[in-house]
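Have a look at input_38.txt below; it lists compact mmCIF, C-alpha atoms and all ligand atoms.
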```txt
# COMPACT_ATOMS: atom_id res chain seq x y z
CA MET A 297 -38.09 -27.86 46.70
CA ASP A 298 -36.60 -25.35 44.23
CA ASN A 299 -39.98 -25.10 42.55
CA PHE A 300 -41.63 -23.72 45.66
CA LEU A 301 -41.50 -20.20 46.89
CA ILE A 302 -41.05 -20.70 50.62
CA GLN A 303 -42.31 -17.66 52.46
CA ILE A 304 -40.67 -17.27 55.84
CA GLU A 305 -42.52 -14.86 58.08
CA PRO A 306 -40.63 -13.27 60.97
CA ARG A 307 -42.17 -13.85 64.39
CA LEU A 308 -44.73 -11.10 64.79
CA ASP A 309 -46.30 -9.49 67.84
CA CYS A 310 -49.95 -8.45 67.86
CA GLU A 311 -50.19 -4.70 67.32
CA ASN A 312 -53.22 -4.59 69.60
CA CYS A 313 -52.35 -6.68 72.67
CA GLY A 314 -48.64 -7.41 72.10
CA VAL A 315 -48.93 -11.19 72.27
CA ALA A 316 -46.39 -13.11 70.14
CA GLY A 317 -47.29 -15.35 67.18
CA ALA A 318 -49.48 -12.85 65.34
CA HIS A 319 -50.38 -12.95 61.64
CA ARG A 320 -50.67 -10.35 58.91
CA TYR A 321 -54.22 -9.44 57.91
CA GLN A 322 -55.63 -7.32 55.13
CA THR A 323 -58.72 -5.16 54.96
CA PHE A 324 -60.27 -3.73 51.82
CA THR A 325 -62.27 -0.54 51.47
CA PHE A 326 -64.11 0.38 48.30
CA GLN A 327 -64.04 4.04 47.30
CA GLY A 328 -66.70 3.70 44.64
CA HIS A 329 -67.26 2.29 41.19
CA GLY A 330 -64.21 2.57 38.92
CA GLU A 331 -61.95 3.74 41.75
CA PRO A 332 -58.99 1.76 43.12
CA ILE A 333 -59.65 -0.25 46.23
CA ILE A 334 -57.83 0.75 49.44
CA GLU A 335 -55.83 -2.03 51.09
CA GLU A 336 -54.71 -1.81 54.71
CA GLU A 337 -52.60 -4.28 56.60
CA SER A 338 -52.64 -5.09 60.31
CA ILE A 339 -50.74 -7.54 62.49
CA LEU A 340 -53.00 -9.30 64.95
CA CYS A 341 -53.19 -12.39 67.08
CA VAL A 342 -56.05 -14.81 66.36
CA ARG A 343 -58.07 -13.52 69.32
CA CYS A 344 -57.82 -9.83 68.34
CA ALA A 345 -58.51 -10.72 64.69
CA ARG A 346 -61.69 -12.52 65.76
CA ALA A 347 -62.82 -9.51 67.83
CA GLU A 348 -62.05 -7.15 64.95
CA ARG A 349 -64.01 -9.33 62.52
CA LYS A 350 -67.01 -9.22 64.81
CA LEU A 351 -66.83 -5.41 65.00
CA ARG A 352 -66.46 -5.05 61.26
CA GLY A 353 -69.36 -7.40 60.62
CA GLN A 354 -71.61 -5.21 62.76
CA SER A 355 -70.53 -1.89 61.23
CA ASP A 356 -70.71 -3.18 57.63
CA ALA A 357 -74.28 -4.39 57.99
CA GLY A 358 -76.74 -2.52 55.78
CA SER A 359 -74.17 -1.18 53.30
CA GLU A 360 -75.24 -0.73 49.69
CA GLY A 361 -74.02 -2.54 46.58
CA LEU A 362 -74.01 -6.23 45.68
CA THR A 363 -73.27 -9.15 47.96
CA ARG A 364 -70.51 -11.48 46.75
CA GLN A 365 -73.11 -13.99 45.54
CA GLN A 366 -74.99 -11.29 43.63
CA LEU A 367 -71.75 -10.05 42.06
CA ILE A 368 -70.78 -13.59 40.99
CA ALA A 369 -74.28 -14.22 39.61
CA HIS A 370 -74.28 -10.87 37.74
CA LEU A 371 -70.92 -11.60 36.11
CA ASP A 372 -71.92 -15.18 35.29
CA VAL A 373 -75.03 -13.96 33.43
CA PHE A 374 -72.83 -11.66 31.36
CA PHE A 375 -70.31 -14.44 30.66
CA GLU A 376 -73.07 -16.88 29.63
CA THR A 377 -74.96 -14.46 27.35
CA SER A 378 -71.83 -12.98 25.75
CA GLY A 379 -70.34 -16.35 24.78
CA VAL A 380 -67.40 -16.07 27.22
CA PHE A 381 -68.30 -19.36 28.91
CA GLU A 382 -68.54 -21.10 25.54
CA ILE A 383 -65.02 -19.95 24.64
CA CYS A 384 -63.72 -20.97 28.08
CA ARG A 385 -65.30 -24.43 27.71
CA ARG A 386 -63.49 -24.92 24.42
CA CYS A 387 -60.28 -23.59 25.95
CA HIS A 388 -60.55 -26.22 28.70
CA GLN A 389 -61.34 -28.90 26.12
CA GLN A 390 -58.10 -28.15 24.28
CA GLY A 391 -56.20 -28.32 27.58
CA THR A 392 -55.32 -24.64 27.93
CA GLY A 393 -57.96 -23.53 30.45
CA CYS A 394 -56.89 -21.43 33.43
CA CYS A 395 -58.80 -23.23 36.24
CA PRO A 396 -56.34 -25.30 38.31
CA PRO A 397 -57.21 -29.02 38.03
CA SER A 398 -56.81 -29.20 41.83
CA CYS A 399 -59.86 -26.95 42.33
CA ARG A 400 -62.55 -28.51 44.54
CA VAL A 401 -65.23 -27.01 42.28
CA MET A 402 -63.85 -28.54 39.09
CA GLY A 403 -66.30 -30.99 37.53
CA ARG A 404 -65.86 -33.32 34.55
CA THR A 405 -66.53 -30.49 32.11
CA GLY A 406 -65.04 -27.57 34.00
CA CYS A 407 -66.44 -25.41 36.78
CA ASP A 408 -69.40 -27.19 38.37
CA PRO A 409 -72.02 -24.58 39.32
CA ASN A 410 -73.78 -27.02 41.66
CA ASN A 411 -70.70 -27.74 43.73
CA ARG A 412 -71.21 -26.91 47.40
CA TYR A 413 -68.05 -24.78 47.63
CA GLY A 414 -69.23 -22.33 44.97
CA LYS A 415 -66.95 -19.99 43.04
CA THR A 416 -64.87 -17.16 44.41
CA VAL A 417 -64.96 -13.53 43.31
CA PHE A 418 -61.29 -13.96 42.34
CA CYS A 419 -61.84 -16.66 39.73
CA THR A 420 -65.16 -15.23 38.58
CA ALA A 421 -63.44 -11.92 37.84
CA PHE A 422 -60.42 -13.57 36.22
CA ILE A 423 -60.28 -13.47 32.43
CA CYS A 424 -57.06 -14.22 30.58
CA GLY A 425 -55.40 -11.57 28.43
CA ALA A 426 -56.37 -13.24 25.14
CA LEU A 427 -60.06 -13.19 25.99
CA LEU A 428 -59.93 -9.74 27.55
CA ASN A 429 -58.26 -8.29 24.44
CA ALA A 430 -60.91 -9.89 22.23
CA ILE A 431 -63.72 -8.45 24.37
CA THR A 432 -62.04 -5.02 24.26
CA GLU A 433 -61.83 -5.27 20.47
CA CYS A 434 -65.59 -5.90 20.34
CA ASP A 435 -66.55 -3.32 22.98
CA PRO A 436 -63.85 -1.13 24.59
CA GLU A 437 -66.18 0.06 27.40
CA VAL A 438 -66.99 -3.49 28.46
CA GLY A 439 -63.30 -4.39 28.23
CA ARG A 440 -62.42 -1.48 30.55
CA GLU A 441 -65.08 -2.49 33.05
CA LEU A 442 -63.91 -6.11 33.12
CA LYS A 443 -60.28 -5.02 33.56
CA TRP A 444 -61.27 -2.90 36.56
CA ILE A 445 -63.27 -5.76 38.09
CA LYS A 446 -60.36 -8.19 37.59
CA ARG A 447 -57.77 -5.77 39.00
CA GLU A 448 -59.70 -4.26 41.93
CA LEU A 449 -62.46 -6.66 43.02
CA GLY A 450 -60.96 -10.06 42.24
CA PRO A 451 -57.92 -9.93 44.57
CA VAL A 452 -60.19 -9.47 47.63
CA GLU A 453 -60.96 -13.21 47.49
CA PHE A 454 -57.53 -14.45 46.41
CA HIS A 455 -57.01 -16.16 49.74
CA LEU A 456 -60.32 -18.04 49.36
CA PHE A 457 -59.29 -19.02 45.84
CA GLU A 458 -56.05 -20.49 47.19
CA MET A 459 -58.02 -22.53 49.71
CA ILE A 460 -60.59 -23.76 47.19
CA THR A 461 -57.93 -24.76 44.68
CA ARG A 462 -55.86 -26.54 47.35
CA ALA A 463 -52.77 -24.36 46.79
CA PRO A 464 -49.92 -25.87 48.86
CA TYR A 465 -49.60 -24.10 52.21
CA GLU A 466 -45.96 -23.09 51.50
CA VAL A 467 -46.90 -21.01 48.46
CA ARG A 468 -50.01 -19.35 49.85
CA ASP A 469 -50.10 -15.62 50.36
CA PRO A 470 -49.08 -15.11 54.03
CA VAL A 471 -51.52 -12.18 54.37
CA ARG A 472 -55.02 -13.28 55.35
CA PRO A 473 -58.22 -11.29 54.81
CA LEU A 474 -59.52 -9.80 58.04
CA GLY A 475 -62.99 -10.12 56.62
CA LEU A 476 -64.72 -10.24 53.28
CA PRO A 477 -66.61 -7.12 52.20
CA GLN A 478 -70.34 -7.21 52.95
CA SER A 479 -70.95 -5.53 49.62
CA TYR A 480 -69.18 -4.86 46.32
CA PRO A 481 -69.70 -1.95 43.90
CA ALA A 482 -72.17 -3.03 41.21
CA PRO A 483 -70.56 -3.44 37.75
CA LYS A 484 -71.78 -1.07 35.06
CA GLY A 485 -72.62 -1.71 31.42
CA LEU A 486 -72.61 -5.49 31.54
CA ASP A 487 -76.23 -5.93 30.46
CA CYS A 488 -75.16 -6.07 26.83
CA GLY A 489 -73.97 -9.70 26.81
CA SER A 490 -76.20 -10.86 23.95
CA SER A 491 -75.15 -8.04 21.60
CA LEU A 492 -71.50 -8.93 22.20
CA ARG A 493 -72.03 -12.63 21.54
CA GLN A 494 -71.78 -12.73 17.75
CA PRO A 495 -68.66 -10.58 17.31
CA LEU A 496 -66.96 -12.27 20.25
CA LEU A 497 -67.65 -15.83 19.14
CA ALA A 498 -66.30 -14.87 15.71
CA LEU A 499 -62.91 -14.41 17.44
CA THR A 500 -62.98 -17.82 19.14
CA ASP A 501 -60.41 -19.54 16.90
CA GLU A 502 -58.03 -16.60 17.29
CA ILE A 503 -58.37 -16.68 21.11
CA LEU A 504 -57.86 -20.45 21.25
CA GLU A 505 -54.78 -20.22 19.08
CA ILE A 506 -53.25 -17.56 21.35
CA ARG A 507 -54.02 -19.78 24.34
CA ARG A 508 -52.27 -22.75 22.70
CA LYS A 509 -49.19 -20.62 22.01
CA TRP A 510 -49.09 -19.15 25.54
CA SER A 511 -49.68 -22.52 27.09
CA ALA A 512 -46.78 -24.05 25.12
CA PHE A 513 -44.60 -21.11 26.17
CA GLU A 514 -45.58 -21.51 29.87
CA LYS A 515 -44.69 -25.22 29.75
CA MET A 516 -41.20 -24.35 28.49
CA GLU A 517 -40.56 -22.00 31.45
S1 LIG B 1 -57.46 -19.14 29.79
FE1 LIG B 1 -58.89 -17.57 29.05
S2 LIG B 1 -60.16 -18.55 27.51
FE2 LIG B 1 -59.12 -20.15 28.72
S3 LIG B 1 -60.56 -20.72 30.33
FE3 LIG B 1 -59.22 -19.14 31.18
S4 LIG B 1 -60.25 -17.18 30.78
FE4 LIG B 1 -61.23 -18.73 29.48
S1 LIG B 2 -64.18 -22.36 41.24
FE1 LIG B 2 -62.92 -20.99 40.02
S2 LIG B 2 -60.98 -22.06 39.70
FE2 LIG B 2 -62.48 -23.56 40.39
S3 LIG B 2 -63.31 -24.46 38.52
FE3 LIG B 2 -64.67 -22.76 39.10
S4 LIG B 2 -63.92 -20.94 38.01
FE4 LIG B 2 -62.31 -22.52 37.97
ZN ZN B 3 -53.90 -9.50 70.11
```
Would you put the structure from the file into structure tokens?
Amino acid sequence: MDNFLIQIEPRLDCENCGVAGAHRYQTFTFQGHGEPIIEEESILCVRCARAERKLRGQSDAGSEGLTRQQLIAHLDVFFETSGVFEICRRCHQQGTGCCPPSCRVMGRTGCDPNNRYGKTVFCTAFICGALLNAITECDPEVGRELKWIKRELGPVEFHLFEMITRAPYEVRDPVRPLGLPQSYPAPKGLDCGSSLRQPLLALTDEILEIRRKWSAFEKME
């Protein structure tokens, strides 16, 4: 029990219709590429949340940018061509990978791209500090872009990530997304994966060693 963070929510009333038993919801608005995302919170009952989702779905239609699938595919191409996936595979092989073993998408050799659940923007955008520092050492611009994507775009799908990885209900974020964005700002400067590959792979042993040290440290906590 001590190991769990139990989140006790006070009983909430819907801010729209006043009915009791409401939940906290989050909405995200993008300001543009490189800018921080705007987060807003509302307290709604399930019925009002459903109506609000419907409204938002209609008004978001036709917006520019990338869909979540296009964003995930774009990032995956960069990770494959730049050698990131190769380093992550080896990290998982040595038992220090960051994907929770409870993830529904986890195959025998790591993330299974053919799994019907698919990946989330949160875990696609997530890169550990060791790998991010190595990428920044090879190309500071790319490192900056990936940090922005991880910090601003990834958290939008954190709730989905918790569901896909079977996070226990007691530790899940009590704030639910009111809706997922219909479009995300397109990343910039990530078409250079193949030119990054050689210098990045040269740092593999260093990255894996840092991961082993951090992993041992985390186990002691
Ligand atoms: S911890 Fe870092 S190197 Fe290991 S799988 Fe995750 S992102 Fe890749
Ligand atoms: S879906 Fe995400 S957490 Fe699950 S295995 Fe794939 S990358 Fe890892
Ligand atoms: Zn309501």
Shell of 7 Å around ligand LIG 1 (chain B) (all atoms listed in the file), written as a ChimeraX atom specification: /A:383-385,387-388,392-395,422-427,503-504,507
Report the closest atom pair, with its distance in Å rounded to one decimal, for each residue of chain A that has an atom no farther than 7 Å from ligand ZN 3 (chain B); count all atoms listed in the file, sort by chain and then rising residue number, and write it as a tab-separated table.
```
residue	atom	partner	partner_atom	distance
A:Cys310	CA	B:ZN3	ZN	4.7
A:Glu311	CA	B:ZN3	ZN	6.7
A:Asn312	CA	B:ZN3	ZN	5.0
A:Cys313	CA	B:ZN3	ZN	4.1
A:Gly314	CA	B:ZN3	ZN	6.0
A:Val315	CA	B:ZN3	ZN	5.7
A:Leu340	CA	B:ZN3	ZN	5.2
A:Cys341	CA	B:ZN3	ZN	4.2
A:Val342	CA	B:ZN3	ZN	6.8
A:Arg343	CA	B:ZN3	ZN	5.8
A:Cys344	CA	B:ZN3	ZN	4.3
```
- Query: Contacts of segment 440-448 of chain A at 7 Å or less, counting only C-alpha atoms, minus same-chain residues fewer than 6 places along, as a PyMOL selection string?
  - Reply: chain A and resi 330+332-333+421-422
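Atom CA of Leu476 of chain A is found 8.8 Å from atom CA of Arg364 of chain A.
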Compile a residue-level contact table for chain A against ligand LIG 2 (chain B) at a cut-off of 9 Å, reporting for every qualifying residue the shortest atom pair and its distance in Å to one decimal, with all atoms listed in the file counted, rows ordered by chain and ascending number, as JSON lines.
```
{"residue": "A:Gly393", "atom": "CA", "partner": "B:LIG2", "partner_atom": "FE4", "distance": 8.7}
{"residue": "A:Cys394", "atom": "CA", "partner": "B:LIG2", "partner_atom": "FE4", "distance": 7.2}
{"residue": "A:Cys395", "atom": "CA", "partner": "B:LIG2", "partner_atom": "FE4", "distance": 4.0}
{"residue": "A:Pro396", "atom": "CA", "partner": "B:LIG2", "partner_atom": "S2", "distance": 5.8}
{"residue": "A:Pro397", "atom": "CA", "partner": "B:LIG2", "partner_atom": "S3", "distance": 7.6}
{"residue": "A:Ser398", "atom": "CA", "partner": "B:LIG2", "partner_atom": "FE2", "distance": 8.1}
{"residue": "A:Cys399", "atom": "CA", "partner": "B:LIG2", "partner_atom": "FE2", "distance": 4.7}
{"residue": "A:Arg400", "atom": "CA", "partner": "B:LIG2", "partner_atom": "FE2", "distance": 6.5}
{"residue": "A:Val401", "atom": "CA", "partner": "B:LIG2", "partner_atom": "FE2", "distance": 4.8}
{"residue": "A:Met402", "atom": "CA", "partner": "B:LIG2", "partner_atom": "S3", "distance": 4.2}
{"residue": "A:Gly403", "atom": "CA", "partner": "B:LIG2", "partner_atom": "S3", "distance": 7.2}
{"residue": "A:Gly406", "atom": "CA", "partner": "B:LIG2", "partner_atom": "S3", "distance": 5.8}
{"residue": "A:Cys407", "atom": "CA", "partner": "B:LIG2", "partner_atom": "S3", "distance": 3.7}
{"residue": "A:Asp408", "atom": "CA", "partner": "B:LIG2", "partner_atom": "FE3", "distance": 6.5}
{"residue": "A:Pro409", "atom": "CA", "partner": "B:LIG2", "partner_atom": "FE3", "distance": 7.6}
{"residue": "A:Asn411", "atom": "CA", "partner": "B:LIG2", "partner_atom": "S1", "distance": 8.8}
{"residue": "A:Tyr413", "atom": "CA", "partner": "B:LIG2", "partner_atom": "S1", "distance": 7.9}
{"residue": "A:Gly414", "atom": "CA", "partner": "B:LIG2", "partner_atom": "S1", "distance": 6.3}
{"residue": "A:Lys415", "atom": "CA", "partner": "B:LIG2", "partner_atom": "S1", "distance": 4.1}
{"residue": "A:Thr416", "atom": "CA", "partner": "B:LIG2", "partner_atom": "S1", "distance": 6.1}
{"residue": "A:Val417", "atom": "CA", "partner": "B:LIG2", "partner_atom": "FE1", "distance": 8.4}
{"residue": "A:Phe418", "atom": "CA", "partner": "B:LIG2", "partner_atom": "FE1", "distance": 7.6}
{"residue": "A:Cys419", "atom": "CA", "partner": "B:LIG2", "partner_atom": "FE1", "distance": 4.5}
{"residue": "A:Thr420", "atom": "CA", "partner": "B:LIG2", "partner_atom": "S4", "distance": 5.9}
{"residue": "A:Phe422", "atom": "CA", "partner": "B:LIG2", "partner_atom": "S4", "distance": 8.4}
{"residue": "A:Phe457", "atom": "CA", "partner": "B:LIG2", "partner_atom": "S2", "distance": 7.1}
{"residue": "A:Ile460", "atom": "CA", "partner": "B:LIG2", "partner_atom": "FE2", "distance": 7.1}
{"residue": "A:Thr461", "atom": "CA", "partner": "B:LIG2", "partner_atom": "FE2", "distance": 6.4}
```
Just to be explicit: take each residue in the selection above, keep C-alpha atoms, and write the result as a PDB file, in the coordinates of the input.
```
ATOM      1  CA  GLY A 393     -57.960 -23.530  30.450  1.00  0.00           C
ATOM      2  CA  CYS A 394     -56.890 -21.430  33.430  1.00  0.00           C
ATOM      3  CA  CYS A 395     -58.800 -23.230  36.240  1.00  0.00           C
ATOM      4  CA  PRO A 396     -56.340 -25.300  38.310  1.00  0.00           C
ATOM      5  CA  PRO A 397     -57.210 -29.020  38.030  1.00  0.00           C
ATOM      6  CA  SER A 398     -56.810 -29.200  41.830  1.00  0.00           C
ATOM      7  CA  CYS A 399     -59.860 -26.950  42.330  1.00  0.00           C
ATOM      8  CA  ARG A 400     -62.550 -28.510  44.540  1.00  0.00           C
ATOM      9  CA  VAL A 401     -65.230 -27.010  42.280  1.00  0.00           C
ATOM     10  CA  MET A 402     -63.850 -28.540  39.090  1.00  0.00           C
ATOM     11  CA  GLY A 403     -66.300 -30.990  37.530  1.00  0.00           C
ATOM     12  CA  GLY A 406     -65.040 -27.570  34.000  1.00  0.00           C
ATOM     13  CA  CYS A 407     -66.440 -25.410  36.780  1.00  0.00           C
ATOM     14  CA  ASP A 408     -69.400 -27.190  38.370  1.00  0.00           C
ATOM     15  CA  PRO A 409     -72.020 -24.580  39.320  1.00  0.00           C
ATOM     16  CA  ASN A 411     -70.700 -27.740  43.730  1.00  0.00           C
ATOM     17  CA  TYR A 413     -68.050 -24.780  47.630  1.00  0.00           C
ATOM     18  CA  GLY A 414     -69.230 -22.330  44.970  1.00  0.00           C
ATOM     19  CA  LYS A 415     -66.950 -19.990  43.040  1.00  0.00           C
ATOM     20  CA  THR A 416     -64.870 -17.160  44.410  1.00  0.00           C
ATOM     21  CA  VAL A 417     -64.960 -13.530  43.310  1.00  0.00           C
ATOM     22  CA  PHE A 418     -61.290 -13.960  42.340  1.00  0.00           C
ATOM     23  CA  CYS A 419     -61.840 -16.660  39.730  1.00  0.00           C
ATOM     24  CA  THR A 420     -65.160 -15.230  38.580  1.00  0.00           C
ATOM     25  CA  PHE A 422     -60.420 -13.570  36.220  1.00  0.00           C
ATOM     26  CA  PHE A 457     -59.290 -19.020  45.840  1.00  0.00           C
ATOM     27  CA  ILE A 460     -60.590 -23.760  47.190  1.00  0.00           C
ATOM     28  CA  THR A 461     -57.930 -24.760  44.680  1.00  0.00           C
TER      29      THR A 461
END
```
| So which one's closest to Arg349 of chain A, A:Tyr321, A:Phe375, A:Pro481, A:Lys509? Using all atoms listed in the file, please. |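 Once distances to Arg349 of chain A are computed over all atoms listed in the file, the minimum belongs to A:Tyr321.
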- To one decimal in Å, tell me the separation between atom CA of Gly439 of chain A and atom CA of Ser479 of chain A.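 Computed distance, atom CA of Gly439 of chain A to atom CA of Ser479 of chain A, equals 22.7 Å.
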What separates atom CA of Gln478 of chain A and atom CA of Ile368 of chain A is a distance of 13.6 Å
Problem - Spatial neighbours of segment 486-497 of chain A, 9 Å, all atoms listed in the file, chain gap at least 3 places, as a VMD selection string - result: chain A and resid 370 to 371 373 to 380 382 to 383 430 to 431 433 to 435 438 441 to 442 483 500 to 501
With distances taken over only C-alpha atoms, the candidate from A:Gln365, A:Gln322, A:Asp309, A:Lys484 nearest Asp469 of chain A is A:Gln322
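The smallest atom-to-atom distance between Glu360 of chain A and any of A:Trp510, A:Phe381, A:Tyr465, A:Phe326, using all atoms listed in the file, is found for A:Phe326.
Nearest residue to Arg307 of chain A, choosing from A:Arg346, A:Thr325, A:Ile339, A:Glu505 and counting only C-alpha atoms: A:Ile339.
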Check: Which residue out of A:Tyr480, A:Gly391, A:His455, A:Pro464 has the minimum interatomic distance to Ala512 of chain A when only C-alpha atoms are used?
Finding: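 Among the listed residues, the smallest separation from Ala512 of chain A belongs to A:Gly391.
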Between A:Arg472, A:Asn410, A:Arg462, A:Thr363, smallest distance to Glu337 of chain A by only C-alpha atoms belongs to A:Arg472
